[in-house]
Amino acid sequence: MGGAVVDDGPTGVKAPDGGWGWAVLFGCFVITGFSYAFPKAVSVFFKGLMQEFGIGYSDTAWISSILLAMLYGTGPLCSVCVNRFGCRPVMLVGGLFASLGMVASSFCRSIIQVYLTTGVITGLGLALNFQPSLIMLNRYFSKRRPMANGLAAAGSPVFLCALSPLGQLLQDHYGWRGGFLILGGLLLNCCVCAALMRPLVAVAQPGGGSGPQRPSRHLLDLSVFRDRGFVLYAVAASVMVLGLFVPPVFVVSYAKDLGVPDTKAAFLLTILGFIDIFARPAAGFVAGLGKVRPYSVYLFSFSMFFNGLADLAGSTAGDYGGLVVFCIFFGISYGMVGALQFEVLMAIVGTHKFSSAIGLVLLMEAVAVLIGPPSGGKLLDATHVYKYVFLLAGAEVVTSSLILLLGNFFCIRKRPKEPQPEAAATEEENLHKPPADAGVDSREVEHFLKAEPEKNGEVVHTPETSV
């Protein structure tokens, strides 16, 4: 890959862990909400599209599928753009694309045109906002990063609870064309969030030093595949996504199949989303505790195992009450996974490789996103039993947790420990420190100072946190 100087935050600049970082966190909260909730929220317009174009539900469902595919599948493209132009410019362009796609779709005359505008253009715009916002959050928070990730991840259930009723209201009053036009204007708020992503600036060092410098790196850093921790994470996350999104897709139909009225069945998703809102910040807070944070990868493994176990238990539900209990526990585990997934990736690869790592992981997950729900649908068509769909999803998520847990325990944990920077500094001081009882001649001191010039602006590189 060709080399290029990237907008990757000056090396050695300490994360503020507050200050303007709270504005960045708010922007990331909004972007995460739009990115994850929008593909689900547009489903309220499907009935109007079906009547307009004379198509079936499977045809309209491709809109959400294309949106998700663009959000995940364009990860490497987003990484290249961020590493070449910086986070803020990419997000500004992404916000314009997201809005333009929805506005253009309100004038479409065929479903194919809707696929291209709402699916491809708006999906690309959301992708160009989502990934850079996480990168900026990683730069602004270090000690409080788990909590910040949890709060930002809460944007998904909050916006889902807000956009779905809003979309239905717009559909009832203005039709799908007017609704798409208004949502296009609403997506311009992504540009406002982009303006909040102020790059960190290195403070000039006294004595004429220029301060920390930005590192020169490739547009897409494929060296992350040399990290065993990253490879394990990518494989585990891809397997997890195969089953993670299946239960929310089928739980309402599962309830209707048990004879539950439509309104009560739809309320199951409200329960799940409400629990999810509180589970994500809570999981981020717990992961940020001093005694817990070094073991965040194990907490992430537990959250995946918990989610898979909830799926397996949900397959035994025989009435509405059982599905309510399932949604409660699924919401807790789903929130934990959502709050920890990118926090753990940040801890594995470090700040300077995160922009490339997240793009590659999202690309791998894109394949799983396109396979997971359709495979569950085919299984349902073949058996007409929802129990098997939940069993399959649970088995996939439990398998992913075991891959990450056992792989980390046997392959990563036994890696030789690197010397801590504090210990290395202390050892270096002891080497240069003269014995306490030895006299020091002034000429020797002067000679030593001339031989060891001041290191203004030099950055002490610490090893990145590994799994």
# chains A, B, ... in the order shown; residues from 1 in each chain; ligands from 1
$ residues_around --residues "segment 181-184 of chain A" --least-positions-apart "5" --cutoff "6 Å" --atoms "only C-alpha atoms" --output "ChimeraX atom specification"
/A:99,102-103,106
$ residues_around --residues "Leu312 of chain A" --least-positions-apart "6" --cutoff "9 Å" --atoms "only C-alpha atoms" --output "MDAnalysis selection string"
chainID A and resid 387 390:395
$ closest_atom_pairs --of "segment 163-272 of chain A" --to "segment 17-33 of chain A" --cutoff "8 Å" --atoms "only C-alpha atoms" --output "CSV"
residue,atom,partner,partner_atom,distance
A:Cys190,CA,A:Ile31,CA,6.5
A:Cys193,CA,A:Gly27,CA,4.6
A:Ala194,CA,A:Gly27,CA,7.3
A:Leu196,CA,A:Val24,CA,5.9
A:Met197,CA,A:Val24,CA,5.8
A:Arg198,CA,A:Val24,CA,7.9
$ select_by_dssp --residues "segment 260-444 of chain A" --states "helix (DSSP H, G or I)" --output "ChimeraX atom specification"
/A:262-287,293-314,320-349,354-383,386-412,421-432,442-444
$ atom_distance --atom1 "atom CA of Gly314 of chain A" --atom2 "atom CA of Gly284 of chain A"
25.6 Å
$ atom_distance --atom1 "atom CA of Ile63 of chain A" --atom2 "atom CA of Ser164 of chain A"
15.7 Å
$ residues_around --residues "segment 120-132 of chain A" --least-positions-apart "2" --cutoff "6 Å" --atoms "only C-alpha atoms" --output "CSV table (one decimal) with C-alpha atoms, in the first residue's frame"
chain,number,residue,atom,x,y,z
A,31,ILE,CA,-24.0,9.2,15.0
A,35,SER,CA,-26.2,4.4,12.0
A,67,LEU,CA,-28.0,-0.1,4.4
A,70,MET,CA,-22.9,-0.5,3.3
A,71,LEU,CA,-22.4,0.3,7.0
A,78,CYS,CA,-13.7,4.4,5.5
A,87,CYS,CA,-12.0,12.3,10.6
A,91,MET,CA,-17.7,12.9,8.4
A,94,GLY,CA,-20.7,11.4,4.9
A,95,GLY,CA,-23.4,13.6,6.5
A,97,PHE,CA,-24.3,11.8,1.4
A,98,ALA,CA,-26.7,10.5,4.1
A,101,GLY,CA,-29.6,9.9,-0.4
A,116,LEU,CA,-29.5,3.1,-5.0
A,117,THR,CA,-30.4,6.2,-3.1
A,118,THR,CA,-31.6,5.1,0.4
A,134,LEU,CA,-15.4,6.0,17.1
A,135,ILE,CA,-11.9,6.8,16.1
$ residues_around --residues "Asn307 of chain A" --least-positions-apart "4" --cutoff "10 Å" --atoms "only C-alpha atoms" --output "compact mmCIF listing (two decimals) with N, CA, C and O atoms, in the first residue's frame"
# COMPACT_ATOMS: atom_id res chain seq x y z
N MET A 240 -19.94 -14.38 15.94
CA MET A 240 -20.98 -13.83 16.82
C MET A 240 -22.09 -13.15 16.01
O MET A 240 -23.28 -13.32 16.29
N GLY A 243 -25.30 -14.93 14.58
CA GLY A 243 -26.50 -15.18 15.37
C GLY A 243 -26.98 -14.03 16.20
O GLY A 243 -28.09 -14.07 16.74
N LEU A 244 -26.17 -12.96 16.32
CA LEU A 244 -26.50 -11.87 17.24
C LEU A 244 -27.78 -11.14 16.87
O LEU A 244 -28.60 -10.81 17.74
N SER A 301 -16.18 -11.80 26.52
CA SER A 301 -16.49 -13.21 26.28
C SER A 301 -17.70 -13.64 27.09
O SER A 301 -18.57 -14.37 26.59
N PHE A 302 -17.77 -13.19 28.35
CA PHE A 302 -18.92 -13.53 29.19
C PHE A 302 -20.20 -12.95 28.62
O PHE A 302 -21.25 -13.60 28.63
N SER A 303 -20.14 -11.71 28.12
CA SER A 303 -21.35 -11.08 27.58
C SER A 303 -21.85 -11.84 26.35
O SER A 303 -23.06 -12.01 26.17
N ASP A 311 -30.46 -16.87 24.16
CA ASP A 311 -31.10 -17.39 22.95
C ASP A 311 -31.53 -18.84 23.15
O ASP A 311 -32.65 -19.23 22.76
N LEU A 312 -30.64 -19.64 23.73
CA LEU A 312 -30.96 -21.04 23.95
C LEU A 312 -32.13 -21.20 24.91
O LEU A 312 -33.02 -22.05 24.69
N ALA A 313 -32.15 -20.38 25.96
CA ALA A 313 -33.26 -20.44 26.91
C ALA A 313 -34.55 -19.91 26.28
O ALA A 313 -35.64 -20.43 26.55
N PHE A 329 -33.52 -10.56 29.50
CA PHE A 329 -32.15 -11.06 29.59
C PHE A 329 -31.39 -10.85 28.28
O PHE A 329 -30.18 -10.58 28.30
N PHE A 330 -32.08 -10.95 27.15
CA PHE A 330 -31.42 -10.67 25.88
C PHE A 330 -31.03 -9.20 25.80
O PHE A 330 -29.94 -8.87 25.31
N GLY A 331 -31.88 -8.29 26.28
CA GLY A 331 -31.56 -6.87 26.27
C GLY A 331 -30.34 -6.55 27.11
O GLY A 331 -29.49 -5.73 26.72
N ILE A 332 -30.21 -7.21 28.27
CA ILE A 332 -29.04 -6.99 29.12
C ILE A 332 -27.78 -7.45 28.42
O ILE A 332 -26.78 -6.71 28.33
N SER A 333 -27.81 -8.68 27.90
CA SER A 333 -26.61 -9.23 27.26
C SER A 333 -26.29 -8.51 25.95
O SER A 333 -25.12 -8.26 25.62
N TYR A 334 -27.33 -8.13 25.21
CA TYR A 334 -27.13 -7.41 23.95
C TYR A 334 -26.50 -6.04 24.21
O TYR A 334 -25.62 -5.59 23.46
N GLY A 335 -26.94 -5.38 25.27
CA GLY A 335 -26.34 -4.11 25.65
C GLY A 335 -24.89 -4.25 26.06
O GLY A 335 -24.05 -3.40 25.75
N MET A 336 -24.58 -5.33 26.78
CA MET A 336 -23.19 -5.57 27.19
C MET A 336 -22.30 -5.77 25.96
O MET A 336 -21.20 -5.21 25.89
N VAL A 337 -22.77 -6.55 25.01
CA VAL A 337 -22.00 -6.78 23.79
C VAL A 337 -21.79 -5.46 23.03
O VAL A 337 -20.69 -5.15 22.58
N ALA A 393 -29.07 -19.64 16.52
CA ALA A 393 -28.47 -18.35 16.87
C ALA A 393 -27.69 -18.46 18.18
O ALA A 393 -26.57 -17.95 18.30
N GLY A 394 -28.27 -19.13 19.17
CA GLY A 394 -27.59 -19.28 20.45
C GLY A 394 -26.30 -20.07 20.32
O GLY A 394 -25.28 -19.73 20.93
N VAL A 397 -23.52 -17.83 18.80
CA VAL A 397 -22.98 -16.82 19.70
C VAL A 397 -22.16 -17.47 20.82
O VAL A 397 -21.10 -16.95 21.21
N VAL A 398 -22.61 -18.59 21.35
CA VAL A 398 -21.84 -19.30 22.38
C VAL A 398 -20.50 -19.76 21.80
O VAL A 398 -19.46 -19.66 22.46
N SER A 401 -18.05 -16.91 21.76
CA SER A 401 -17.51 -16.59 23.08
C SER A 401 -16.40 -17.56 23.46
O SER A 401 -15.39 -17.17 24.06
$ closest_residue --among "A:Tyr320, A:Phe245, A:Tyr254, A:Phe225" --to "Lys40 of chain A" --atoms "only C-alpha atoms"
A:Phe245
$ decode --residues "segment 63-160 of chain A" --atoms "C-alpha atoms" --output "short mmCIF file (atom, residue, chain, number, x, y, z; two decimals), in the first residue's frame"
data_model
loop_
_atom_site.label_atom_id
_atom_site.label_comp_id
_atom_site.auth_asym_id
_atom_site.auth_seq_id
_atom_site.Cartn_x
_atom_site.Cartn_y
_atom_site.Cartn_z
CA ILE A 63 -33.47 -1.61 1.66
CA SER A 64 -32.48 -2.39 5.26
CA SER A 65 -30.13 -5.15 4.11
CA ILE A 66 -28.29 -2.82 1.72
CA LEU A 67 -28.05 -0.14 4.42
CA LEU A 68 -26.45 -2.60 6.85
CA ALA A 69 -24.20 -4.04 4.13
CA MET A 70 -22.90 -0.55 3.31
CA LEU A 71 -22.42 0.27 6.99
CA TYR A 72 -20.30 -2.84 7.55
CA GLY A 73 -18.85 -3.60 4.13
CA THR A 74 -17.31 -0.20 3.44
CA GLY A 75 -15.12 -0.41 6.55
CA PRO A 76 -11.78 -0.54 4.69
CA LEU A 77 -12.86 2.35 2.41
CA CYS A 78 -13.66 4.44 5.50
CA SER A 79 -10.29 3.54 6.99
CA VAL A 80 -8.47 4.70 3.87
CA CYS A 81 -10.46 7.96 3.75
CA VAL A 82 -9.85 8.71 7.44
CA ASN A 83 -6.14 7.93 7.17
CA ARG A 84 -5.86 10.15 4.09
CA PHE A 85 -8.10 13.13 4.85
CA GLY A 86 -8.85 13.00 8.60
CA CYS A 87 -12.00 12.31 10.59
CA ARG A 88 -13.82 15.65 10.39
CA PRO A 89 -13.74 16.11 6.57
CA VAL A 90 -14.82 12.49 6.01
CA MET A 91 -17.73 12.88 8.43
CA LEU A 92 -18.86 16.12 6.82
CA VAL A 93 -18.97 14.46 3.39
CA GLY A 94 -20.70 11.45 4.94
CA GLY A 95 -23.39 13.63 6.48
CA LEU A 96 -24.08 15.23 3.09
CA PHE A 97 -24.26 11.81 1.42
CA ALA A 98 -26.65 10.45 4.07
CA SER A 99 -28.97 13.42 3.65
CA LEU A 100 -28.71 13.52 -0.14
CA GLY A 101 -29.63 9.86 -0.44
CA MET A 102 -32.88 10.24 1.52
CA VAL A 103 -33.85 13.46 -0.26
CA ALA A 104 -33.21 11.90 -3.67
CA SER A 105 -35.17 8.78 -2.74
CA SER A 106 -38.29 10.88 -2.13
CA PHE A 107 -38.36 11.51 -5.91
CA CYS A 108 -37.73 7.89 -6.99
CA ARG A 109 -40.03 6.20 -9.50
CA SER A 110 -38.90 2.57 -9.00
CA ILE A 111 -37.72 0.36 -6.18
CA ILE A 112 -34.31 -0.03 -7.86
CA GLN A 113 -33.82 3.73 -7.56
CA VAL A 114 -34.73 3.49 -3.86
CA TYR A 115 -32.10 0.77 -3.45
CA LEU A 116 -29.47 3.06 -4.97
CA THR A 117 -30.43 6.22 -3.08
CA THR A 118 -31.59 5.06 0.36
CA GLY A 119 -29.54 1.86 0.41
CA VAL A 120 -26.24 2.73 -1.25
CA ILE A 121 -25.87 6.53 -0.92
CA THR A 122 -27.39 6.95 2.54
CA GLY A 123 -25.70 3.74 3.72
CA LEU A 124 -22.32 5.01 2.54
CA GLY A 125 -22.94 8.35 4.24
CA LEU A 126 -23.75 6.69 7.56
CA ALA A 127 -20.66 4.49 7.26
CA LEU A 128 -18.46 7.55 6.65
CA ASN A 129 -19.81 9.00 9.90
CA PHE A 130 -19.88 5.95 12.15
CA GLN A 131 -16.30 4.74 11.93
CA PRO A 132 -14.55 8.16 12.24
CA SER A 133 -16.72 9.05 15.25
CA LEU A 134 -15.45 5.96 17.09
CA ILE A 135 -11.87 6.83 16.15
CA MET A 136 -12.25 10.35 17.57
CA LEU A 137 -13.83 8.95 20.74
CA ASN A 138 -10.80 6.69 21.13
CA ARG A 139 -8.47 9.69 20.88
CA TYR A 140 -10.31 11.84 23.40
CA PHE A 141 -10.79 9.20 26.09
CA SER A 142 -8.31 6.83 27.69
CA LYS A 143 -9.01 6.22 31.38
CA ARG A 144 -12.73 6.85 30.90
CA ARG A 145 -12.90 5.15 27.51
CA PRO A 146 -15.00 2.12 28.56
CA MET A 147 -17.63 4.41 30.07
CA ALA A 148 -17.51 6.68 27.00
CA ASN A 149 -18.00 3.70 24.69
CA GLY A 150 -20.96 2.53 26.75
CA LEU A 151 -22.62 5.94 26.65
CA ALA A 152 -22.02 6.32 22.91
CA ALA A 153 -23.39 2.83 22.24
CA ALA A 154 -26.60 3.77 24.08
CA GLY A 155 -27.44 5.99 21.11
CA SER A 156 -28.60 2.92 19.17
CA PRO A 157 -31.56 1.90 21.39
CA VAL A 158 -32.44 5.52 22.23
CA PHE A 159 -32.70 6.51 18.56
CA LEU A 160 -34.52 3.31 17.70
#
